[in-house]
>>> print(open('entry38.cif').read())   # mmCIF, C-alpha atoms and all ligand atoms
data_model
loop_
_atom_site.group_PDB
_atom_site.id
_atom_site.type_symbol
_atom_site.label_atom_id
_atom_site.label_comp_id
_atom_site.auth_asym_id
_atom_site.auth_seq_id
_atom_site.Cartn_x
_atom_site.Cartn_y
_atom_site.Cartn_z
ATOM 1 C CA MET A 218 0.000 0.000 0.000
ATOM 2 C CA SER A 219 1.382 3.406 -0.996
ATOM 3 C CA GLU A 220 1.936 6.064 1.630
ATOM 4 C CA GLY A 221 2.036 8.964 -0.814
ATOM 5 C CA ILE A 222 4.913 11.359 -0.401
ATOM 6 C CA LEU A 223 6.611 12.864 2.614
ATOM 7 C CA LEU A 224 6.392 16.637 2.846
ATOM 8 C CA ALA A 225 5.864 19.123 5.673
ATOM 9 C CA LYS A 226 2.165 19.577 6.449
ATOM 10 C CA VAL A 227 0.920 22.933 5.151
ATOM 11 C CA ALA A 228 -2.725 23.999 5.237
ATOM 12 C CA ARG A 229 -4.536 23.737 1.888
ATOM 13 C CA GLY A 230 -4.830 27.138 0.256
ATOM 14 C CA THR A 231 -1.636 28.583 1.741
ATOM 15 C CA LEU A 232 0.483 30.664 -0.639
ATOM 16 C CA LEU A 233 4.017 30.032 0.575
ATOM 17 C CA PRO A 234 6.736 32.532 -0.449
ATOM 18 C CA GLU A 235 8.191 31.653 -3.858
ATOM 19 C CA PRO A 236 11.523 30.168 -2.622
ATOM 20 C CA GLU A 237 9.638 27.879 -0.201
ATOM 21 C CA ARG A 238 7.234 26.760 -2.930
ATOM 22 C CA VAL A 239 10.107 25.932 -5.257
ATOM 23 C CA ALA A 240 11.993 24.088 -2.494
ATOM 24 C CA ARG A 241 8.849 22.092 -1.630
ATOM 25 C CA LEU A 242 8.347 21.154 -5.283
ATOM 26 C CA ARG A 243 12.012 20.163 -5.629
ATOM 27 C CA GLU A 244 11.658 17.959 -2.557
ATOM 28 C CA ALA A 245 8.527 16.316 -3.969
ATOM 29 C CA LEU A 246 9.748 15.668 -7.528
ATOM 30 C CA PRO A 247 11.980 12.633 -6.909
ATOM 31 C CA GLN A 248 9.272 11.137 -4.699
ATOM 32 C CA ILE A 249 6.652 11.644 -7.403
ATOM 33 C CA GLU A 250 8.921 10.120 -10.033
ATOM 34 C CA ALA A 251 9.617 7.147 -7.749
ATOM 35 C CA ALA A 252 5.873 6.643 -7.199
ATOM 36 C CA LEU A 253 5.345 6.521 -10.967
ATOM 37 C CA ALA A 254 8.418 4.476 -11.871
ATOM 38 C CA GLY A 255 7.565 1.860 -14.481
ATOM 39 C CA GLU A 256 3.936 2.936 -14.836
ATOM 40 C CA THR A 257 2.796 3.283 -18.449
ATOM 41 C CA ASP A 258 -0.989 3.544 -18.124
ATOM 42 C CA GLU A 259 -2.102 7.061 -18.988
ATOM 43 C CA VAL A 260 -4.982 7.248 -16.502
ATOM 44 C CA ALA A 261 -2.894 5.774 -13.677
ATOM 45 C CA ILE A 262 -0.163 8.337 -14.366
ATOM 46 C CA GLN A 263 -2.513 11.323 -14.623
ATOM 47 C CA ALA A 264 -4.543 10.340 -11.537
ATOM 48 C CA THR A 265 -1.389 9.871 -9.454
ATOM 49 C CA LEU A 266 0.128 13.140 -10.670
ATOM 50 C CA ALA A 267 -3.116 14.986 -9.858
ATOM 51 C CA CYS A 268 -3.102 13.492 -6.353
ATOM 52 C CA LEU A 269 0.570 14.089 -5.560
ATOM 53 C CA LEU A 270 0.783 17.560 -7.127
ATOM 54 C CA TRP A 271 -2.333 18.567 -5.148
ATOM 55 C CA GLU A 272 -0.487 17.478 -2.014
ATOM 56 C CA THR A 273 2.648 19.378 -3.067
ATOM 57 C CA LEU A 274 1.182 22.588 -4.521
ATOM 58 C CA VAL A 275 -0.897 23.663 -1.540
ATOM 59 C CA GLN A 276 -1.751 26.981 -3.210
ATOM 60 C CA THR A 277 -3.970 25.167 -5.739
ATOM 61 C CA ASN A 278 -7.758 25.042 -5.609
ATOM 62 C CA TRP A 279 -7.855 22.806 -8.709
ATOM 63 C CA CYS A 280 -5.187 20.458 -9.976
ATOM 64 C CA GLY A 281 -5.651 18.048 -12.834
ATOM 65 C CA PHE A 282 -5.770 17.164 -16.488
ATOM 66 C CA TYR A 283 -7.795 17.998 -19.548
ATOM 67 C CA ARG A 284 -7.310 15.303 -22.192
ATOM 68 C CA ARG A 285 -7.413 15.846 -25.920
ATOM 69 C CA ILE A 286 -10.415 13.924 -27.211
ATOM 70 C CA GLY A 287 -10.679 15.479 -30.676
ATOM 71 C CA ASP A 288 -8.813 17.579 -33.164
ATOM 72 C CA ARG A 289 -9.495 20.777 -31.190
ATOM 73 C CA LEU A 290 -11.342 19.597 -28.079
ATOM 74 C CA LEU A 291 -10.377 18.797 -24.471
ATOM 75 C CA ALA A 292 -12.377 16.809 -21.904
ATOM 76 C CA VAL A 293 -11.758 16.743 -18.194
ATOM 77 C CA GLY A 294 -9.507 13.984 -16.851
ATOM 78 C CA PRO A 295 -8.258 12.986 -13.413
ATOM 79 C CA TYR A 296 -8.250 15.933 -10.988
ATOM 80 C CA GLN A 297 -8.508 17.180 -7.419
ATOM 81 C CA GLY A 298 -10.699 20.108 -6.383
ATOM 82 C CA ASN A 299 -14.232 21.274 -7.058
ATOM 83 C CA MET A 300 -16.082 20.084 -10.129
ATOM 84 C CA GLY A 301 -14.435 21.444 -13.284
ATOM 85 C CA CYS A 302 -15.909 22.207 -16.732
ATOM 86 C CA LEU A 303 -16.372 18.955 -18.628
ATOM 87 C CA ARG A 304 -15.240 20.075 -22.063
ATOM 88 C CA ILE A 305 -13.034 22.921 -23.294
ATOM 89 C CA PRO A 306 -12.603 23.731 -26.989
ATOM 90 C CA PHE A 307 -9.112 24.817 -28.083
ATOM 91 C CA GLU A 308 -10.571 28.279 -28.745
ATOM 92 C CA ARG A 309 -11.477 28.912 -25.094
ATOM 93 C CA GLY A 310 -9.772 29.728 -21.829
ATOM 94 C CA VAL A 311 -6.259 29.270 -20.568
ATOM 95 C CA CYS A 312 -6.394 25.515 -21.175
ATOM 96 C CA GLY A 313 -7.476 26.127 -24.771
ATOM 97 C CA ALA A 314 -4.607 28.598 -25.273
ATOM 98 C CA CYS A 315 -2.135 26.014 -23.979
ATOM 99 C CA ALA A 316 -3.559 23.277 -26.218
ATOM 100 C CA ARG A 317 -3.649 25.614 -29.246
ATOM 101 C CA THR A 318 -0.094 26.900 -28.892
ATOM 102 C CA GLY A 319 1.561 23.911 -27.235
ATOM 103 C CA GLU A 320 3.122 26.389 -24.814
ATOM 104 C CA THR A 321 2.935 26.720 -21.042
ATOM 105 C CA GLN A 322 0.545 29.470 -19.948
ATOM 106 C CA LEU A 323 1.486 31.288 -16.733
ATOM 107 C CA VAL A 324 -1.383 33.629 -15.901
ATOM 108 C CA PRO A 325 -0.753 35.709 -12.743
ATOM 109 C CA ASP A 326 -4.220 37.336 -12.908
ATOM 110 C CA VAL A 327 -7.018 35.516 -14.726
ATOM 111 C CA GLN A 328 -9.153 38.659 -14.823
ATOM 112 C CA VAL A 329 -6.865 40.161 -17.437
ATOM 113 C CA PHE A 330 -6.697 36.979 -19.556
ATOM 114 C CA PRO A 331 -9.152 37.338 -22.456
ATOM 115 C CA GLY A 332 -11.604 34.406 -22.565
ATOM 116 C CA HIS A 333 -10.683 32.895 -19.219
ATOM 117 C CA ILE A 334 -13.273 30.251 -18.245
ATOM 118 C CA ALA A 335 -14.504 30.915 -14.710
ATOM 119 C CA CYS A 336 -15.329 27.362 -13.589
ATOM 120 C CA ASP A 337 -14.698 28.540 -10.040
ATOM 121 C CA ASP A 338 -15.112 32.228 -9.138
ATOM 122 C CA ALA A 339 -12.437 31.839 -6.468
ATOM 123 C CA THR A 340 -9.691 31.223 -9.054
ATOM 124 C CA ARG A 341 -7.322 34.186 -9.421
ATOM 125 C CA SER A 342 -4.294 32.725 -11.210
ATOM 126 C CA GLU A 343 -3.425 29.706 -13.308
ATOM 127 C CA LEU A 344 -0.574 27.654 -14.677
ATOM 128 C CA VAL A 345 -1.394 25.356 -17.589
ATOM 129 C CA LEU A 346 1.228 23.066 -19.124
ATOM 130 C CA PRO A 347 1.094 20.976 -22.289
ATOM 131 C CA VAL A 348 1.564 17.222 -22.154
ATOM 132 C CA PHE A 349 3.206 15.764 -25.255
ATOM 133 C CA VAL A 350 3.616 12.118 -26.124
ATOM 134 C CA GLN A 351 5.847 11.542 -29.145
ATOM 135 C CA ASP A 352 5.481 15.212 -30.129
ATOM 136 C CA ARG A 353 1.667 15.079 -30.123
ATOM 137 C CA LEU A 354 -0.297 17.131 -27.593
ATOM 138 C CA VAL A 355 -2.374 14.586 -25.648
ATOM 139 C CA ALA A 356 -3.451 16.638 -22.611
ATOM 140 C CA VAL A 357 -2.847 19.751 -20.551
ATOM 141 C CA LEU A 358 -2.099 19.948 -16.832
ATOM 142 C CA ASP A 359 -4.296 22.693 -15.354
ATOM 143 C CA LEU A 360 -3.300 24.240 -12.015
ATOM 144 C CA ASP A 361 -5.524 26.932 -10.528
ATOM 145 C CA SER A 362 -5.040 29.039 -7.401
ATOM 146 C CA SER A 363 -7.309 31.338 -5.429
ATOM 147 C CA HIS A 364 -4.284 33.648 -4.976
ATOM 148 C CA LEU A 365 -3.081 36.264 -7.426
ATOM 149 C CA GLU A 366 0.385 35.247 -8.723
ATOM 150 C CA GLY A 367 -0.086 31.757 -7.319
ATOM 151 C CA PHE A 368 2.595 30.274 -9.589
ATOM 152 C CA CYS A 369 6.062 31.285 -10.816
ATOM 153 C CA GLN A 370 8.376 30.546 -13.730
ATOM 154 C CA ALA A 371 10.545 28.203 -11.656
ATOM 155 C CA GLU A 372 7.536 26.036 -10.814
ATOM 156 C CA ALA A 373 6.549 26.031 -14.489
ATOM 157 C CA ARG A 374 10.002 24.827 -15.608
ATOM 158 C CA LEU A 375 10.165 22.076 -12.946
ATOM 159 C CA LEU A 376 6.683 20.840 -13.824
ATOM 160 C CA GLU A 377 7.512 20.800 -17.553
ATOM 161 C CA GLN A 378 10.468 18.540 -16.747
ATOM 162 C CA LEU A 379 8.289 16.274 -14.599
ATOM 163 C CA LEU A 380 5.694 15.910 -17.358
ATOM 164 C CA ALA A 381 8.372 15.146 -19.939
ATOM 165 C CA ARG A 382 9.748 12.379 -17.733
ATOM 166 C CA CYS A 383 6.496 10.852 -16.443
ATOM 167 C CA CYS A 384 3.973 11.071 -19.284
ATOM 168 C CA VAL A 385 5.573 8.373 -21.415
ATOM 169 C CA PRO A 386 4.064 6.636 -24.439
ATOM 170 C CA VAL A 387 1.961 3.610 -23.559
ATOM 171 C CA GLN A 388 3.996 0.579 -24.576
ATOM 172 C CA GLU A 389 2.040 -2.297 -23.123
ATOM 173 C CA GLY A 390 0.219 -4.638 -25.496
HETATM 174 N N1 LIG B 401 -9.598 27.702 -15.765
HETATM 175 C C1 LIG B 401 -9.603 26.988 -16.962
HETATM 176 C C2 LIG B 401 -10.865 26.185 -17.061
HETATM 177 C C3 LIG B 401 -10.822 24.920 -16.326
HETATM 178 S S1 LIG B 401 -11.259 24.994 -14.754
HETATM 179 O O1 LIG B 401 -11.051 26.193 -14.093
HETATM 180 C C4 LIG B 401 -11.056 23.659 -13.896
HETATM 181 C C5 LIG B 401 -9.388 27.802 -18.233
HETATM 182 O O2 LIG B 401 -9.686 28.996 -18.312
HETATM 183 O O3 LIG B 401 -8.908 27.212 -19.146
#
>>> encode(input="entry38.cif", output="structure tokens", more="lines below")
Ligand code: SME
Amino acid sequence: MSEGILLAKVARGTLLPEPERVARLREALPQIEAALAGETDEVAIQATLACLLWETLVQTNWCGFYRRIGDRLLAVGPYQGNMGCLRIPFERGVCGACARTGETQLVPDVQVFPGHIACDDATRSELVLPVFVQDRLVAVLDLDSSHLEGFCQAEARLLEQLLARCCVPVQEG
């Protein structure tokens, strides 16, 4: 039976100072990678990442995946937090912008992001990262926070590296 990961207890919703957030994420990353070692099932990987990143990134009020289910359409995947929108076209919101461009979207204030989808009125900032498998966008990782400037560039870079290492092509027959 898994015991999750070992990190200092911090109350959900806390916005730690940036250096502490980055240190906490750095401490979690090897543990998350160890938890996922050898796993190739997409849902198992996404569900475990949603769970462990929720535990790590205590500033989040939503943490999870939108999966590409069509040419230009996302559907909600494994997540933690309040109920999210079920489907997001590539044309809409921060997730859509990430899927459309294939680039990480760091949005310090959602109120100044044109077309932001307000699934939860409490959300003030977002970080959305693309997930590629063999150069094809298969999903986005959506992280939302009720704090302004809830995420920083250093977190974005570390999470991009995690996704590149953990979201591997499914090889099982
Ligand atoms: N905030 C996202 C929508 C998804 S939910 O908030 C869970 C966006 O604008 O893309």
>>> atom_distance(input="entry38.cif", atom1="CA of His333 (chain A)", atom2="atom O1 of ligand LIG 401 (chain B)")
8.4 Å
>>> residues_near_ligand(input="entry38.cif", ligand="ligand LIG 401 (chain B)", cutoff="10 Å", atoms="only C-alpha atoms and all ligand atoms", output="number ranges by chain")
A: 278-283, 292-293, 296-316, 322, 324, 327, 330-345, 357, 359-362
>>> closest_residue(input="entry38.cif", among="A:Leu365, A:Cys384, A:Leu354, A:Ala251", to="Ala264 (chain A)", atoms="all atoms listed in the file")
A:Cys384
>>> residues_near_point(input="entry38.cif", point="(1.1, 16.9, -14.7)", cutoff="7 Å", atoms="only C-alpha atoms", output="PyMOL selection string")
chain A and resi 263+266-267+358+376+380
>>> resolve_selection(input="entry38.cif", expression="the PyMOL selection byres (((chain A and resi 229) around 10) and not hetatm)", output="ChimeraX atom specification")
/A:226-228,230-232,271-278
>>> residues_around(input="entry38.cif", residues="Gln370 (chain A)", least_positions_apart="5", cutoff="10 Å", atoms="only C-alpha atoms", output="list in words")
Glu235, Val239, Thr321, Leu323, Leu344, Leu375 and Leu376 of chain A
>>> closest_residue(input="entry38.cif", among="A:Gly255, A:Gly367, A:Pro236, A:Pro247", to="Asp326 (chain A)", atoms="all atoms listed in the file")
A:Gly367
>>> closest_residue(input="entry38.cif", among="A:Gln328, A:Pro295, A:Ile262, A:Arg285", to="Arg353 (chain A)", atoms="only C-alpha atoms")
A:Arg285
>>> atom_distance(input="entry38.cif", atom1="CA of Arg241 (chain A)", atom2="CA of Leu270 (chain A)")
10.8 Å
>>> closest_residue(input="entry38.cif", among="A:Glu244, A:Arg374, A:Val355, A:Leu223", to="Leu290 (chain A)", atoms="only C-alpha atoms")
A:Val355
>>> decode(input="entry38.cif", residues="region 349-368 of chain A", atoms="N, CA and C atoms", output="short mmCIF file (atom, residue, chain, number, x, y, z; two decimals), in the first residue's frame")
data_model
loop_
_atom_site.label_atom_id
_atom_site.label_comp_id
_atom_site.auth_asym_id
_atom_site.auth_seq_id
_atom_site.Cartn_x
_atom_site.Cartn_y
_atom_site.Cartn_z
N PHE A 349 2.94 16.33 -23.93
CA PHE A 349 3.21 15.76 -25.25
C PHE A 349 3.61 14.31 -25.11
N VAL A 350 3.11 13.49 -26.00
CA VAL A 350 3.62 12.12 -26.12
C VAL A 350 4.02 11.95 -27.58
N GLN A 351 5.28 11.65 -27.79
CA GLN A 351 5.85 11.54 -29.14
C GLN A 351 5.46 12.76 -30.00
N ASP A 352 5.69 13.93 -29.43
CA ASP A 352 5.48 15.21 -30.13
C ASP A 352 4.02 15.56 -30.42
N ARG A 353 3.08 14.75 -29.92
CA ARG A 353 1.67 15.08 -30.12
C ARG A 353 1.08 15.54 -28.80
N LEU A 354 0.35 16.66 -28.82
CA LEU A 354 -0.30 17.13 -27.59
C LEU A 354 -1.43 16.18 -27.23
N VAL A 355 -1.34 15.55 -26.05
CA VAL A 355 -2.37 14.59 -25.65
C VAL A 355 -3.22 15.11 -24.49
N ALA A 356 -2.73 16.13 -23.79
CA ALA A 356 -3.45 16.64 -22.61
C ALA A 356 -2.82 17.95 -22.18
N VAL A 357 -3.48 18.63 -21.25
CA VAL A 357 -2.85 19.75 -20.55
C VAL A 357 -3.00 19.51 -19.05
N LEU A 358 -2.02 19.97 -18.30
CA LEU A 358 -2.10 19.95 -16.83
C LEU A 358 -2.54 21.34 -16.40
N ASP A 359 -3.71 21.41 -15.75
CA ASP A 359 -4.30 22.69 -15.35
C ASP A 359 -4.14 22.86 -13.84
N LEU A 360 -3.47 23.93 -13.44
CA LEU A 360 -3.30 24.24 -12.01
C LEU A 360 -3.91 25.60 -11.76
N ASP A 361 -4.85 25.67 -10.84
CA ASP A 361 -5.52 26.93 -10.53
C ASP A 361 -5.28 27.29 -9.06
N SER A 362 -5.23 28.59 -8.78
CA SER A 362 -5.04 29.04 -7.40
C SER A 362 -6.01 30.17 -7.09
N SER A 363 -6.43 30.24 -5.85
CA SER A 363 -7.31 31.34 -5.43
C SER A 363 -6.49 32.59 -5.08
N HIS A 364 -5.16 32.49 -5.22
CA HIS A 364 -4.28 33.65 -4.98
C HIS A 364 -3.88 34.29 -6.29
N LEU A 365 -3.75 35.60 -6.31
CA LEU A 365 -3.08 36.26 -7.43
C LEU A 365 -1.63 35.81 -7.42
N GLU A 366 -1.03 35.65 -8.60
CA GLU A 366 0.38 35.25 -8.72
C GLU A 366 0.66 33.99 -7.91
N GLY A 367 -0.20 33.01 -8.09
CA GLY A 367 -0.09 31.76 -7.32
C GLY A 367 1.02 30.84 -7.82
N PHE A 368 1.57 31.14 -8.99
CA PHE A 368 2.60 30.27 -9.59
C PHE A 368 3.71 31.13 -10.17
#
